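For reference, run-v5.txt is printed below; it contains compact mmCIF, C-alpha atoms and all ligand atoms.
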# COMPACT_ATOMS: atom_id res chain seq x y z
CA GLU A 1 35.45 -17.78 -16.92
CA LEU A 2 35.79 -21.50 -16.11
CA ASP A 3 38.97 -22.95 -14.62
CA ASP A 4 40.35 -26.45 -15.32
CA ASP A 5 37.93 -28.04 -12.86
CA GLY A 6 34.93 -26.39 -14.52
CA HIS A 7 34.60 -23.92 -11.66
CA ARG A 8 33.38 -20.43 -12.40
CA VAL A 9 36.07 -17.96 -11.34
CA PHE A 10 35.69 -14.23 -10.82
CA ASP A 11 38.18 -11.57 -9.81
CA LEU A 12 37.22 -8.60 -7.68
CA ALA A 13 39.76 -5.97 -6.67
CA ALA A 14 38.35 -3.46 -4.22
CA GLY A 15 40.03 -0.10 -4.60
CA VAL A 16 39.84 3.67 -4.67
CA GLY A 17 39.27 5.47 -7.97
CA GLN A 18 37.75 8.46 -9.68
CA HIS A 19 34.27 8.54 -11.14
CA ASP A 20 31.80 11.16 -12.26
CA LEU A 21 28.63 10.73 -10.24
CA GLY A 22 27.45 14.19 -11.27
CA GLY A 23 29.32 17.45 -11.85
CA GLY A 24 32.74 15.96 -12.53
CA PRO A 25 35.17 13.28 -11.38
CA MET A 26 35.38 12.65 -7.65
CA GLU A 27 36.95 10.05 -5.42
CA THR A 28 34.85 6.91 -5.26
CA TRP A 29 35.43 3.32 -4.21
CA GLY A 30 34.59 0.30 -6.28
CA TYR A 31 35.73 -2.98 -7.78
CA ASN A 32 38.11 -3.51 -10.69
CA GLY A 33 38.69 0.21 -11.13
CA ASP A 34 35.01 1.06 -11.46
CA TYR A 35 32.38 2.69 -9.34
CA LEU A 36 30.37 -0.41 -8.25
CA GLY A 37 31.54 -3.77 -9.55
CA PRO A 38 30.90 -6.16 -12.43
CA THR A 39 27.64 -8.10 -12.64
CA LEU A 40 28.62 -11.66 -11.78
CA ARG A 41 26.57 -14.41 -13.37
CA ALA A 42 26.46 -18.11 -12.58
CA SER A 43 23.99 -20.99 -12.72
CA ARG A 44 22.57 -23.35 -10.16
CA GLY A 45 24.90 -26.28 -9.58
CA GLU A 46 28.05 -24.37 -10.45
CA GLN A 47 31.00 -24.10 -8.10
CA VAL A 48 31.97 -20.46 -7.85
CA THR A 49 35.31 -19.03 -6.67
CA VAL A 50 35.87 -15.29 -6.28
CA ASN A 51 39.43 -14.00 -5.98
CA ILE A 52 39.14 -10.90 -3.83
CA ASP A 53 41.96 -8.45 -3.59
CA ASN A 54 41.74 -5.62 -1.06
CA GLN A 55 43.51 -2.55 -2.47
CA LEU A 56 41.63 -0.21 -0.13
CA PRO A 57 43.29 1.60 2.77
CA ASP A 58 40.85 -0.17 5.16
CA PRO A 59 39.73 -3.70 5.94
CA THR A 60 36.74 -4.90 3.93
CA THR A 61 34.72 -8.03 3.21
CA VAL A 62 32.54 -9.12 0.32
CA HIS A 63 29.17 -10.43 1.44
CA TRP A 64 26.93 -12.37 -0.97
CA HIS A 65 23.55 -10.94 -0.10
CA GLY A 66 20.76 -13.47 -0.64
CA MET A 67 23.03 -16.46 -1.16
CA GLY A 68 22.80 -19.76 0.72
CA LEU A 69 26.41 -20.74 1.50
CA PRO A 70 28.77 -21.73 4.33
CA ALA A 71 29.30 -19.01 6.94
CA ALA A 72 33.05 -19.00 6.25
CA MET A 73 32.27 -17.91 2.64
CA ASP A 74 29.50 -15.44 3.52
CA GLY A 75 31.75 -12.39 3.84
CA GLY A 76 30.37 -11.32 7.20
CA PRO A 77 32.27 -9.11 9.66
CA HIS A 78 34.24 -12.06 11.08
CA THR A 79 36.07 -12.68 7.83
CA ALA A 80 37.62 -9.25 7.26
CA ILE A 81 40.28 -8.88 4.58
CA GLY A 82 43.00 -6.43 5.58
CA PRO A 83 44.48 -3.81 3.24
CA GLY A 84 46.78 -5.52 0.78
CA GLU A 85 45.36 -8.94 1.64
CA SER A 86 43.25 -11.26 -0.41
CA ALA A 87 40.68 -14.02 0.01
CA ALA A 88 39.08 -16.59 -2.28
CA PRO A 89 35.67 -17.72 -1.07
CA SER A 90 34.26 -20.70 -2.97
CA TRP A 91 30.86 -22.36 -2.83
CA ARG A 92 28.33 -24.27 -4.89
CA ILE A 93 25.26 -22.38 -6.04
CA ASP A 94 22.13 -24.21 -5.00
CA GLN A 95 19.08 -21.99 -5.27
CA PRO A 96 16.69 -20.74 -7.95
CA ALA A 97 17.46 -18.08 -10.56
CA ALA A 98 17.50 -14.68 -8.86
CA THR A 99 18.89 -11.16 -8.74
CA LEU A 100 21.29 -11.19 -5.78
CA TRP A 101 24.01 -8.70 -4.95
CA TYR A 102 27.30 -8.31 -3.15
CA HIS A 103 28.66 -5.61 -0.89
CA PRO A 104 31.12 -5.12 2.00
CA HIS A 105 30.20 -5.98 5.58
CA PRO A 106 33.05 -4.83 7.86
CA HIS A 107 31.67 -4.16 11.31
CA GLY A 108 30.75 -0.52 11.78
CA GLU A 109 31.94 0.51 8.29
CA THR A 110 29.36 -1.00 5.99
CA GLU A 111 27.41 2.21 5.32
CA GLN A 112 30.55 4.16 4.38
CA GLN A 113 31.94 1.48 2.09
CA VAL A 114 28.68 0.82 0.27
CA TYR A 115 27.98 4.54 -0.04
CA ARG A 116 31.37 5.18 -1.62
CA GLY A 117 30.61 2.62 -4.29
CA LEU A 118 31.36 -0.92 -3.24
CA ALA A 119 28.47 -3.08 -4.49
CA GLY A 120 27.52 -5.17 -7.49
CA LEU A 121 24.90 -7.59 -8.79
CA PHE A 122 25.19 -11.37 -8.71
CA LEU A 123 22.68 -12.99 -11.05
CA ILE A 124 21.79 -16.63 -10.74
CA GLU A 125 20.74 -17.44 -14.25
CA ASP A 126 17.66 -19.29 -15.41
CA GLU A 127 18.28 -23.00 -15.68
CA PRO A 128 18.80 -23.99 -19.30
CA GLY A 129 15.71 -25.72 -20.67
CA ALA A 130 13.51 -24.20 -17.99
CA ALA A 131 13.60 -20.93 -19.87
CA LEU A 132 10.39 -18.89 -19.78
CA PRO A 133 9.56 -16.41 -22.54
CA LEU A 134 10.91 -13.51 -20.48
CA PRO A 135 13.34 -10.89 -21.72
CA ASP A 136 16.75 -12.39 -20.90
CA GLU A 137 19.35 -10.77 -23.15
CA TYR A 138 21.57 -9.05 -20.63
CA GLY A 139 22.08 -5.40 -21.51
CA VAL A 140 19.57 -5.54 -24.37
CA ASP A 141 16.16 -6.32 -22.90
CA ASP A 142 17.30 -7.52 -19.45
CA ILE A 143 18.72 -4.51 -17.68
CA PRO A 144 20.42 -4.10 -14.29
CA VAL A 145 19.15 -1.00 -12.48
CA VAL A 146 21.15 -0.31 -9.33
CA VAL A 147 19.50 2.72 -7.73
CA GLN A 148 21.38 4.91 -5.27
CA ASP A 149 21.00 8.41 -3.87
CA LYS A 150 23.98 10.70 -3.45
CA GLN A 151 24.81 14.06 -1.99
CA PHE A 152 27.80 16.18 -2.84
CA ASP A 153 29.85 18.79 -1.10
CA ASP A 154 32.18 20.96 -3.13
CA GLY A 155 32.36 18.46 -5.98
CA GLU A 156 33.09 15.54 -3.66
CA LEU A 157 30.88 12.71 -2.48
CA ASP A 158 29.49 13.75 0.89
CA ALA A 159 29.24 10.76 3.20
CA SER A 160 27.90 12.55 6.25
CA ALA A 161 24.36 12.05 7.55
CA ASN A 162 21.94 14.90 7.06
CA PHE A 163 20.91 17.02 9.97
CA LEU A 164 17.97 15.29 11.68
CA SER A 165 18.07 12.24 9.41
CA GLY A 166 16.87 9.25 11.39
CA VAL A 167 18.24 6.81 8.88
CA GLY A 168 21.74 7.90 7.87
CA ILE A 169 22.86 9.45 4.58
CA LEU A 170 20.06 10.71 2.35
CA GLY A 171 20.94 12.41 -0.93
CA ASP A 172 18.65 13.89 -3.51
CA SER A 173 20.80 13.14 -6.55
CA ILE A 174 20.03 9.78 -8.11
CA VAL A 175 22.57 7.60 -9.87
CA VAL A 176 21.69 4.38 -11.69
CA ASN A 177 24.57 1.96 -12.12
CA GLY A 178 26.74 4.91 -11.10
CA THR A 179 25.39 7.19 -13.87
CA PRO A 180 23.76 10.55 -13.12
CA SER A 181 20.72 11.64 -15.21
CA PRO A 182 20.47 8.13 -16.63
CA TYR A 183 18.51 7.04 -19.67
CA LEU A 184 18.18 3.75 -21.49
CA ASP A 185 17.69 3.32 -25.22
CA VAL A 186 15.04 0.63 -25.50
CA THR A 187 14.96 -1.46 -28.66
CA THR A 188 12.37 -4.09 -27.73
CA GLU A 189 8.61 -3.94 -27.05
CA ARG A 190 9.12 -5.21 -23.54
CA VAL A 191 12.05 -4.74 -21.24
CA ARG A 192 12.94 -6.46 -17.97
CA LEU A 193 14.36 -4.21 -15.27
CA ARG A 194 16.24 -5.78 -12.39
CA LEU A 195 15.92 -3.14 -9.70
CA LEU A 196 18.24 -3.13 -6.72
CA ASN A 197 17.79 -0.57 -4.00
CA GLY A 198 21.51 -0.11 -3.47
CA SER A 199 21.04 2.91 -1.23
CA THR A 200 22.24 2.84 2.32
CA ALA A 201 19.14 4.48 3.83
CA ARG A 202 16.56 5.59 1.29
CA SER A 203 13.43 3.62 0.46
CA TYR A 204 11.79 4.02 -2.96
CA ASP A 205 8.26 3.49 -4.16
CA PHE A 206 8.91 2.76 -7.82
CA GLY A 207 6.35 3.40 -10.55
CA PHE A 208 6.17 5.25 -13.84
CA ALA A 209 5.49 8.96 -14.28
CA ASP A 210 2.37 8.15 -16.36
CA ASP A 211 1.29 5.48 -13.87
CA ARG A 212 1.44 2.74 -16.48
CA ARG A 213 1.11 -0.80 -15.23
CA PHE A 214 3.99 -3.23 -15.28
CA ALA A 215 4.41 -6.86 -14.39
CA LEU A 216 6.28 -7.56 -11.18
CA ILE A 217 7.81 -10.96 -11.99
CA GLY A 218 10.40 -11.47 -9.29
CA THR A 219 11.51 -10.43 -5.84
CA ASP A 220 14.73 -10.85 -3.82
CA GLY A 221 15.21 -14.60 -4.17
CA GLY A 222 13.67 -15.35 -7.55
CA LEU A 223 10.65 -15.31 -9.80
CA LEU A 224 7.12 -15.18 -8.41
CA SER A 225 4.74 -18.04 -9.16
CA GLU A 226 2.72 -15.63 -11.28
CA PRO A 227 3.23 -12.02 -12.39
CA HIS A 228 1.68 -9.30 -10.27
CA HIS A 229 0.33 -6.52 -12.52
CA THR A 230 0.63 -3.28 -10.64
CA THR A 231 1.69 0.37 -10.82
CA ARG A 232 4.02 0.47 -7.79
CA VAL A 233 6.67 -1.54 -6.06
CA MET A 234 8.33 -0.32 -2.88
CA LEU A 235 11.92 -1.31 -2.15
CA SER A 236 13.75 -0.55 1.07
CA PRO A 237 17.57 -0.75 1.17
CA GLY A 238 18.88 -4.09 -0.07
CA GLU A 239 15.62 -5.30 -1.65
CA ARG A 240 15.29 -6.23 -5.33
CA ALA A 241 12.43 -6.48 -7.80
CA GLU A 242 12.29 -7.71 -11.37
CA LEU A 243 9.66 -6.10 -13.53
CA VAL A 244 8.68 -6.20 -17.18
CA VAL A 245 7.32 -3.04 -18.76
CA GLU A 246 5.89 -2.52 -22.22
CA LEU A 247 6.79 0.45 -24.43
CA ALA A 248 5.31 1.88 -27.61
CA PRO A 249 7.62 2.92 -30.46
CA ALA A 250 9.29 6.32 -30.04
CA GLU A 251 7.82 7.03 -26.62
CA THR A 252 9.63 7.98 -23.45
CA ALA A 253 8.64 6.47 -20.11
CA THR A 254 10.12 7.69 -16.85
CA LEU A 255 10.72 5.36 -13.95
CA ARG A 256 10.07 7.43 -10.86
CA SER A 257 10.08 7.02 -7.10
CA TYR A 258 6.93 8.30 -5.42
CA PRO A 259 6.91 9.17 -1.71
CA PRO A 260 7.23 5.80 0.02
CA GLU A 261 4.64 4.94 2.65
CA LEU A 262 7.09 4.44 5.49
CA GLY A 263 4.39 3.58 8.00
CA VAL A 264 5.91 5.70 10.74
CA ASN A 265 5.01 9.02 12.30
CA ALA A 266 5.39 12.21 10.27
CA TYR A 267 8.87 12.86 11.63
CA GLY A 268 10.08 9.37 10.93
CA SER A 269 8.66 9.53 7.45
CA ARG A 270 10.05 12.96 6.68
CA PHE A 271 13.49 12.22 8.08
CA GLY A 272 13.46 8.89 6.29
CA GLY A 273 12.89 10.44 2.83
CA GLY A 274 9.14 9.77 2.94
CA ASP A 275 8.24 13.12 1.34
CA ASP A 276 10.46 12.77 -1.71
CA THR A 277 9.53 12.26 -5.37
CA LEU A 278 12.57 11.44 -7.53
CA ASP A 279 12.98 10.60 -11.19
CA ILE A 280 15.10 7.50 -11.56
CA LEU A 281 15.55 6.44 -15.18
CA GLN A 282 14.27 7.52 -18.57
CA LEU A 283 13.34 4.76 -20.99
CA ARG A 284 13.61 6.02 -24.58
CA ALA A 285 11.98 3.70 -27.06
CA ALA A 286 13.33 3.46 -30.60
CA ASP A 287 11.07 4.14 -33.60
CA GLN A 288 10.98 0.42 -34.34
CA LEU A 289 10.86 -2.09 -31.51
CA ALA A 290 11.73 -5.76 -31.82
CA PRO A 291 8.79 -7.94 -30.75
CA ARG A 292 8.88 -9.61 -27.35
CA PRO A 293 6.19 -12.02 -26.09
CA GLU A 294 3.73 -11.15 -23.35
CA VAL A 295 4.67 -12.13 -19.82
CA PRO A 296 3.30 -15.65 -19.26
CA THR A 297 0.47 -16.06 -16.74
CA ASP A 298 2.44 -18.71 -14.82
CA LEU A 299 6.11 -18.31 -13.98
CA VAL A 300 7.72 -20.84 -11.63
CA GLU A 301 6.80 -23.23 -8.86
CA VAL A 302 7.36 -21.56 -5.48
CA PRO A 303 6.98 -24.46 -3.03
CA ARG A 304 5.50 -23.17 0.24
CA LEU A 305 7.42 -23.83 3.44
CA ASP A 306 5.18 -25.47 6.02
CA PRO A 307 5.06 -23.98 9.54
CA ALA A 308 4.36 -27.50 10.84
CA GLU A 309 7.96 -28.31 9.88
CA ALA A 310 9.41 -25.50 12.01
CA VAL A 311 11.59 -26.72 14.88
CA ALA A 312 11.88 -23.30 16.52
CA THR A 313 10.00 -20.00 16.69
CA ARG A 314 11.84 -16.81 17.59
CA SER A 315 10.70 -13.28 18.33
CA LEU A 316 12.84 -10.32 17.35
CA GLN A 317 11.97 -6.73 18.24
CA LEU A 318 13.87 -3.94 16.49
CA GLY A 319 14.18 -0.61 18.24
CA GLY A 320 16.69 2.00 19.36
CA SER A 321 19.84 0.47 17.75
CA HIS A 322 19.01 -2.83 19.38
CA ILE A 323 17.40 -6.14 18.61
CA ASN A 324 15.64 -7.58 21.65
CA GLY A 325 17.30 -4.94 23.77
CA GLN A 326 20.83 -5.91 22.73
CA ARG A 327 23.34 -4.26 20.50
CA MET A 328 25.52 -6.20 18.10
CA ASP A 329 28.56 -7.63 19.83
CA MET A 330 31.06 -9.53 17.68
CA SER A 331 31.77 -11.88 20.58
CA ARG A 332 28.15 -12.76 21.42
CA ILE A 333 26.32 -15.44 19.43
CA ASP A 334 22.62 -14.82 19.93
CA PHE A 335 21.44 -18.33 19.13
CA ALA A 336 22.18 -21.53 17.29
CA VAL A 337 20.01 -22.86 14.49
CA THR A 338 20.01 -26.53 13.55
CA ALA A 339 21.61 -26.82 10.11
CA GLY A 340 19.07 -27.72 7.44
CA SER A 341 16.08 -27.02 9.69
CA VAL A 342 13.05 -24.79 9.25
CA GLU A 343 12.33 -21.95 11.67
CA VAL A 344 9.67 -19.27 12.05
CA TRP A 345 10.85 -15.78 13.04
CA ARG A 346 8.43 -13.10 14.23
CA VAL A 347 9.93 -9.70 13.64
CA GLN A 348 8.60 -6.28 14.50
CA ASN A 349 9.63 -2.65 14.26
CA ALA A 350 9.13 -1.53 17.83
CA ASP A 351 10.31 2.09 17.72
CA GLY A 352 8.61 3.91 14.84
CA THR A 353 11.82 4.74 12.94
CA PRO A 354 12.07 3.23 9.44
CA HIS A 355 13.62 -0.26 9.64
CA ASN A 356 13.79 -3.35 7.53
CA PHE A 357 15.01 -6.84 8.28
CA HIS A 358 17.48 -9.08 6.50
CA ILE A 359 18.69 -12.60 7.28
CA HIS A 360 21.91 -14.04 5.89
CA ASP A 361 22.10 -17.51 4.31
CA VAL A 362 18.40 -17.90 3.51
CA GLN A 363 15.60 -16.92 1.25
CA PHE A 364 12.54 -16.80 3.47
CA GLN A 365 8.81 -16.66 2.86
CA VAL A 366 6.43 -14.25 4.53
CA LEU A 367 3.77 -16.26 6.36
CA SER A 368 1.84 -13.28 7.63
CA VAL A 369 1.86 -9.51 7.91
CA GLY A 370 -0.14 -8.15 10.83
CA GLY A 371 -1.99 -11.46 11.01
CA ALA A 372 -3.04 -11.47 7.34
CA GLY A 373 -1.54 -13.45 4.47
CA PRO A 374 1.27 -11.81 2.47
CA PRO A 375 0.37 -9.37 -0.33
CA PRO A 376 1.43 -10.45 -3.87
CA GLU A 377 4.75 -8.58 -3.72
CA LEU A 378 5.69 -10.52 -0.58
CA ALA A 379 4.42 -13.90 -1.79
CA GLY A 380 7.72 -15.06 -3.28
CA TRP A 381 11.27 -15.60 -2.03
CA LYS A 382 12.57 -12.73 0.08
CA ASP A 383 15.69 -12.04 2.11
CA THR A 384 14.88 -8.47 3.19
CA VAL A 385 11.51 -6.94 4.14
CA TYR A 386 10.44 -3.45 5.07
CA LEU A 387 8.94 -3.31 8.58
CA PRO A 388 6.24 -0.68 9.05
CA ALA A 389 6.09 0.32 12.71
CA GLY A 390 4.17 -1.97 15.01
CA VAL A 391 3.25 -4.57 12.38
CA SER A 392 4.31 -8.09 13.21
CA PHE A 393 5.84 -10.14 10.37
CA GLU A 394 6.07 -13.92 10.49
CA LEU A 395 8.87 -15.26 8.32
CA ILE A 396 9.68 -18.88 7.60
CA ALA A 397 12.99 -20.18 6.28
CA ARG A 398 14.96 -23.35 5.76
CA PHE A 399 18.58 -22.78 6.77
CA SER A 400 21.53 -24.25 4.88
CA ASP A 401 23.07 -27.53 5.83
CA TYR A 402 26.56 -26.14 6.53
CA PRO A 403 27.18 -26.51 10.26
CA ASP A 404 29.95 -24.28 11.66
CA PRO A 405 29.92 -23.57 15.38
CA ASP A 406 32.55 -20.84 15.09
CA ILE A 407 31.62 -18.41 12.33
CA PRO A 408 28.22 -16.77 12.63
CA TYR A 409 25.78 -15.41 10.10
CA MET A 410 24.11 -12.04 10.65
CA PHE A 411 20.55 -10.78 10.82
CA HIS A 412 20.00 -7.03 10.85
CA CYS A 413 18.28 -3.88 9.76
CA HIS A 414 19.55 -3.12 6.23
CA LEU A 415 19.43 0.64 6.75
CA LEU A 416 23.17 0.52 6.97
CA ARG A 417 23.61 3.27 9.55
CA HIS A 418 21.35 1.26 11.85
CA GLU A 419 23.27 -1.91 11.12
CA ASP A 420 26.59 -0.18 11.86
CA ASP A 421 25.10 1.29 15.05
CA GLY A 422 24.33 -2.17 16.35
CA MET A 423 20.89 -3.22 15.10
CA MET A 424 22.30 -6.61 14.20
CA GLY A 425 22.64 -10.03 15.75
CA GLN A 426 24.44 -13.29 15.03
CA PHE A 427 23.49 -16.96 14.75
CA VAL A 428 25.48 -20.07 14.03
CA LEU A 429 24.41 -23.27 12.28
CA VAL A 430 25.10 -26.40 14.33
CU1 LIG A 501 23.18 -7.06 2.46
CU2 LIG A 501 24.18 -8.42 6.09
O1 LIG A 501 23.71 -7.70 4.26
CU CU A 502 23.08 -10.37 3.46
CU CU A 503 16.74 0.31 10.99
Mind turning the file's structure into structure tokens?
Amino acid sequence: ELDDDGHRVFDLAAGVGQHDLGGGPMETWGYNGDYLGPTLRASRGEQVTVNIDNQLPDPTTVHWHGMGLPAAMDGGPHTAIGPGESAAPSWRIDQPAATLWYHPHPHGETEQQVYRGLAGLFLIEDEPGAALPLPDEYGVDDIPVVVQDKQFDDGELDASANFLSGVGILGDSIVVNGTPSPYLDVTTERVRLRLLNGSTARSYDFGFADDRRFALIGTDGGLLSEPHHTTRVMLSPGERAELVVELAPAETATLRSYPPELGVNAYGSRFGGGDDTLDILQLRAADQLAPRPEVPTDLVEVPRLDPAEAVATRSLQLGGSHINGQRMDMSRIDFAVTAGSVEVWRVQNADGTPHNFHIHDVQFQVLSVGGAGPPPELAGWKDTVYLPAGVSFELIARFSDYPDPDIPYMFHCHLLRHEDDGMMGQFVLV
């Protein structure tokens, strides 16, 4: 909806409701009366305003994961909205078409709030005119697939961590967009799936039950420069992937998660869900499928950031609820970044528990993984990467040009129990 100034306006009311995630209605949290929230869609150049109403019993925030925007609008833990209060963050979208998402970020409570159902997609739409022959009819051949794992206790959502889990809550019931045992009626020869790992702890290694190939066309921050034809894509919590898969008339294809290679010792892998195979979504093709063109061999320009432009290089070691030996402290700013500048961050999982790494405000590029160039699935725009133990990642990013010495942005492990436990730090733009 556009207001009188041509701004795109959305309304999100966070509240408690009832939803059937499997086995009957149970208490869940969500936006606008739903489990999860609406898919918000806007285009580059648009000014967006979101009217947020907190009808929860607890403080919350809404963080725009993957978005470049002023820190005051970012929905981090410093901008909590109390119960019964509201907020109206507003910013101009200035980044490529992408599958982003939103979720709460109140300090220490993020895992619980996301797990109960507060999350949604935010799509930055393809620029008109620049349209590629990709499936782009939302809900028809362009499908949001928010994947989450749940566990239940006595018909209620069970938000306690499993015995021995090193990562937080792991459930073995899958919901997609809040629906248990999900299937999709496919009516076109090719379908684009926008996968979000919306789980708090579980990593997935997505593929199809028959091992068919698909085209990976996009990652966290937008389309790849060319499609990567593959049979698997691993997503840790918070990561996204866009893929295009082809179906034959009347067939059924099952999207599955194979045991993810967590790159940690057997205990870390087992207690991180590394042994699990889970069916995610059934695609049921109609007897007649509308034609859809092949995925083009070239997608978009992904201009490479140049390390020679970097004005700072930082090293961040993640281990034992700490980053560089320190736990998140709301009153400690870890460092200042020059607004609009390019930096290189070297990040490493130093303790052999599953971790990933997310930076607010930016889409970064992976310069190297263990000294080698990035694999195809890490060659595009990213805001979250899985960190196998001991492997050093070099990331490069250009930060926004929104100086604010008072309100920080976060960087953290996106396994939300780890984030809540303090594996998070803060930077300001100056
Ligand atoms: Cu998706 Cu700091 O979060
Ligand atoms: Cu974020
Ligand atoms: Cu972690």
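Proximity of A:Arg292, A:Arg270, A:Arg332, A:His358 to ligand LIG 501 (chain A), computed with only C-alpha atoms and all ligand atoms, is greatest for A:His358.
CA of Asp383 in chain A lies 27.0 Å from CA of Asp34 in chain A.
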Hey, can I get the axis-aligned box for range 410-422 of chain A? All listed atoms, 4 Å padding on each side, centre and edge lengths in Å to one decimal, as AutoDock Vina command-line options.
--center_x 22.4 --center_y -4.4 --center_z 11.3 --size_x 16.3 --size_y 23.3 --size_z 18.1
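Between CA of Gly221 in chain A and CA of Ser400 in chain A there is a distance of 14.7 Å.
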Can you build me a table of chain A residues sitting at most 6 Å from ligand LIG 501 (chain A), with the closest atom pair per residue and its distance in Å to one decimal, using only C-alpha atoms and all ligand atoms, sorted by chain and residue number, as JSON lines?
{"residue": "A:His65", "atom": "CA", "partner": "A:LIG501", "partner_atom": "CU1", "distance": 4.7}
{"residue": "A:Gly238", "atom": "CA", "partner": "A:LIG501", "partner_atom": "CU1", "distance": 5.8}
{"residue": "A:Met410", "atom": "CA", "partner": "A:LIG501", "partner_atom": "CU2", "distance": 5.8}
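Among A:Arg240, A:Gly263, A:Glu246, A:Asp329, the residue with the shortest atom-to-atom distance to Val385 in chain A, counting all atoms listed in the file, is A:Arg240.
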Produce a table with one row for each residue of chain A that has an atom at most 9 Å from any atom of ligand CU 502 (chain A), each row naming the nearest atom pair and its distance in Å at one decimal; use all atoms listed in the file; arrange rows by chain and rising residue number; format as JSON lines.
{"residue": "A:His63", "atom": "CA", "partner": "A:CU502", "partner_atom": "CU", "distance": 6.4}
{"residue": "A:Trp64", "atom": "CA", "partner": "A:CU502", "partner_atom": "CU", "distance": 6.2}
{"residue": "A:His65", "atom": "CA", "partner": "A:CU502", "partner_atom": "CU", "distance": 3.6}
{"residue": "A:Gly66", "atom": "CA", "partner": "A:CU502", "partner_atom": "CU", "distance": 5.6}
{"residue": "A:Met67", "atom": "CA", "partner": "A:CU502", "partner_atom": "CU", "distance": 7.6}
{"residue": "A:Asp74", "atom": "CA", "partner": "A:CU502", "partner_atom": "CU", "distance": 8.2}
{"residue": "A:Gly75", "atom": "CA", "partner": "A:CU502", "partner_atom": "CU", "distance": 8.9}
{"residue": "A:Gly76", "atom": "CA", "partner": "A:CU502", "partner_atom": "CU", "distance": 8.2}
{"residue": "A:Trp101", "atom": "CA", "partner": "A:CU502", "partner_atom": "CU", "distance": 8.6}
{"residue": "A:Tyr102", "atom": "CA", "partner": "A:CU502", "partner_atom": "CU", "distance": 8.1}
{"residue": "A:His103", "atom": "CA", "partner": "A:CU502", "partner_atom": "CU", "distance": 8.5}
{"residue": "A:His105", "atom": "CA", "partner": "A:CU502", "partner_atom": "CU", "distance": 8.6}
{"residue": "A:Gly238", "atom": "CA", "partner": "A:CU502", "partner_atom": "CU", "distance": 8.3}
{"residue": "A:His358", "atom": "CA", "partner": "A:CU502", "partner_atom": "CU", "distance": 6.5}
{"residue": "A:Ile359", "atom": "CA", "partner": "A:CU502", "partner_atom": "CU", "distance": 6.2}
{"residue": "A:His360", "atom": "CA", "partner": "A:CU502", "partner_atom": "CU", "distance": 4.6}
{"residue": "A:Asp361", "atom": "CA", "partner": "A:CU502", "partner_atom": "CU", "distance": 7.3}
{"residue": "A:Val362", "atom": "CA", "partner": "A:CU502", "partner_atom": "CU", "distance": 8.9}
{"residue": "A:Asp383", "atom": "CA", "partner": "A:CU502", "partner_atom": "CU", "distance": 7.7}
{"residue": "A:Thr384", "atom": "CA", "partner": "A:CU502", "partner_atom": "CU", "distance": 8.4}
{"residue": "A:Tyr409", "atom": "CA", "partner": "A:CU502", "partner_atom": "CU", "distance": 8.8}
{"residue": "A:Met410", "atom": "CA", "partner": "A:CU502", "partner_atom": "CU", "distance": 7.5}
{"residue": "A:Phe411", "atom": "CA", "partner": "A:CU502", "partner_atom": "CU", "distance": 7.8}
{"residue": "A:His412", "atom": "CA", "partner": "A:CU502", "partner_atom": "CU", "distance": 8.7}
{"residue": "A:His414", "atom": "CA", "partner": "A:CU502", "partner_atom": "CU", "distance": 8.5}
Residue neighbourhood range 143-155 of chain A, 9 Å, all atoms listed in the file, exclusion window fewer than 2 positions, as a short mmCIF file (atom, residue, chain, number, x, y, z; two decimals) with C-alpha atoms, keeping the file's coordinate frame:
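Below is the file that was written, selection-v2.cif:
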data_model
loop_
_atom_site.label_atom_id
_atom_site.label_comp_id
_atom_site.auth_asym_id
_atom_site.auth_seq_id
_atom_site.Cartn_x
_atom_site.Cartn_y
_atom_site.Cartn_z
CA LEU A 21 28.63 10.73 -10.24
CA GLY A 22 27.45 14.19 -11.27
CA GLY A 23 29.32 17.45 -11.85
CA GLY A 24 32.74 15.96 -12.53
CA PRO A 25 35.17 13.28 -11.38
CA MET A 26 35.38 12.65 -7.65
CA THR A 39 27.64 -8.10 -12.64
CA TYR A 115 27.98 4.54 -0.04
CA GLY A 120 27.52 -5.17 -7.49
CA LEU A 121 24.90 -7.59 -8.79
CA ASP A 136 16.75 -12.39 -20.90
CA GLU A 137 19.35 -10.77 -23.15
CA TYR A 138 21.57 -9.05 -20.63
CA GLY A 139 22.08 -5.40 -21.51
CA VAL A 140 19.57 -5.54 -24.37
CA ASP A 141 16.16 -6.32 -22.90
CA LEU A 157 30.88 12.71 -2.48
CA ASP A 158 29.49 13.75 0.89
CA ALA A 159 29.24 10.76 3.20
CA SER A 160 27.90 12.55 6.25
CA ILE A 169 22.86 9.45 4.58
CA LEU A 170 20.06 10.71 2.35
CA GLY A 171 20.94 12.41 -0.93
CA ASP A 172 18.65 13.89 -3.51
CA SER A 173 20.80 13.14 -6.55
CA ILE A 174 20.03 9.78 -8.11
CA VAL A 175 22.57 7.60 -9.87
CA VAL A 176 21.69 4.38 -11.69
CA ASN A 177 24.57 1.96 -12.12
CA GLY A 178 26.74 4.91 -11.10
CA VAL A 191 12.05 -4.74 -21.24
CA ARG A 192 12.94 -6.46 -17.97
CA LEU A 193 14.36 -4.21 -15.27
CA ARG A 194 16.24 -5.78 -12.39
CA LEU A 195 15.92 -3.14 -9.70
CA LEU A 196 18.24 -3.13 -6.72
CA ASN A 197 17.79 -0.57 -4.00
CA GLY A 198 21.51 -0.11 -3.47
CA SER A 199 21.04 2.91 -1.23
CA THR A 200 22.24 2.84 2.32
CA ALA A 201 19.14 4.48 3.83
CA ARG A 202 16.56 5.59 1.29
CA ILE A 280 15.10 7.50 -11.56
CA LEU A 281 15.55 6.44 -15.18
#
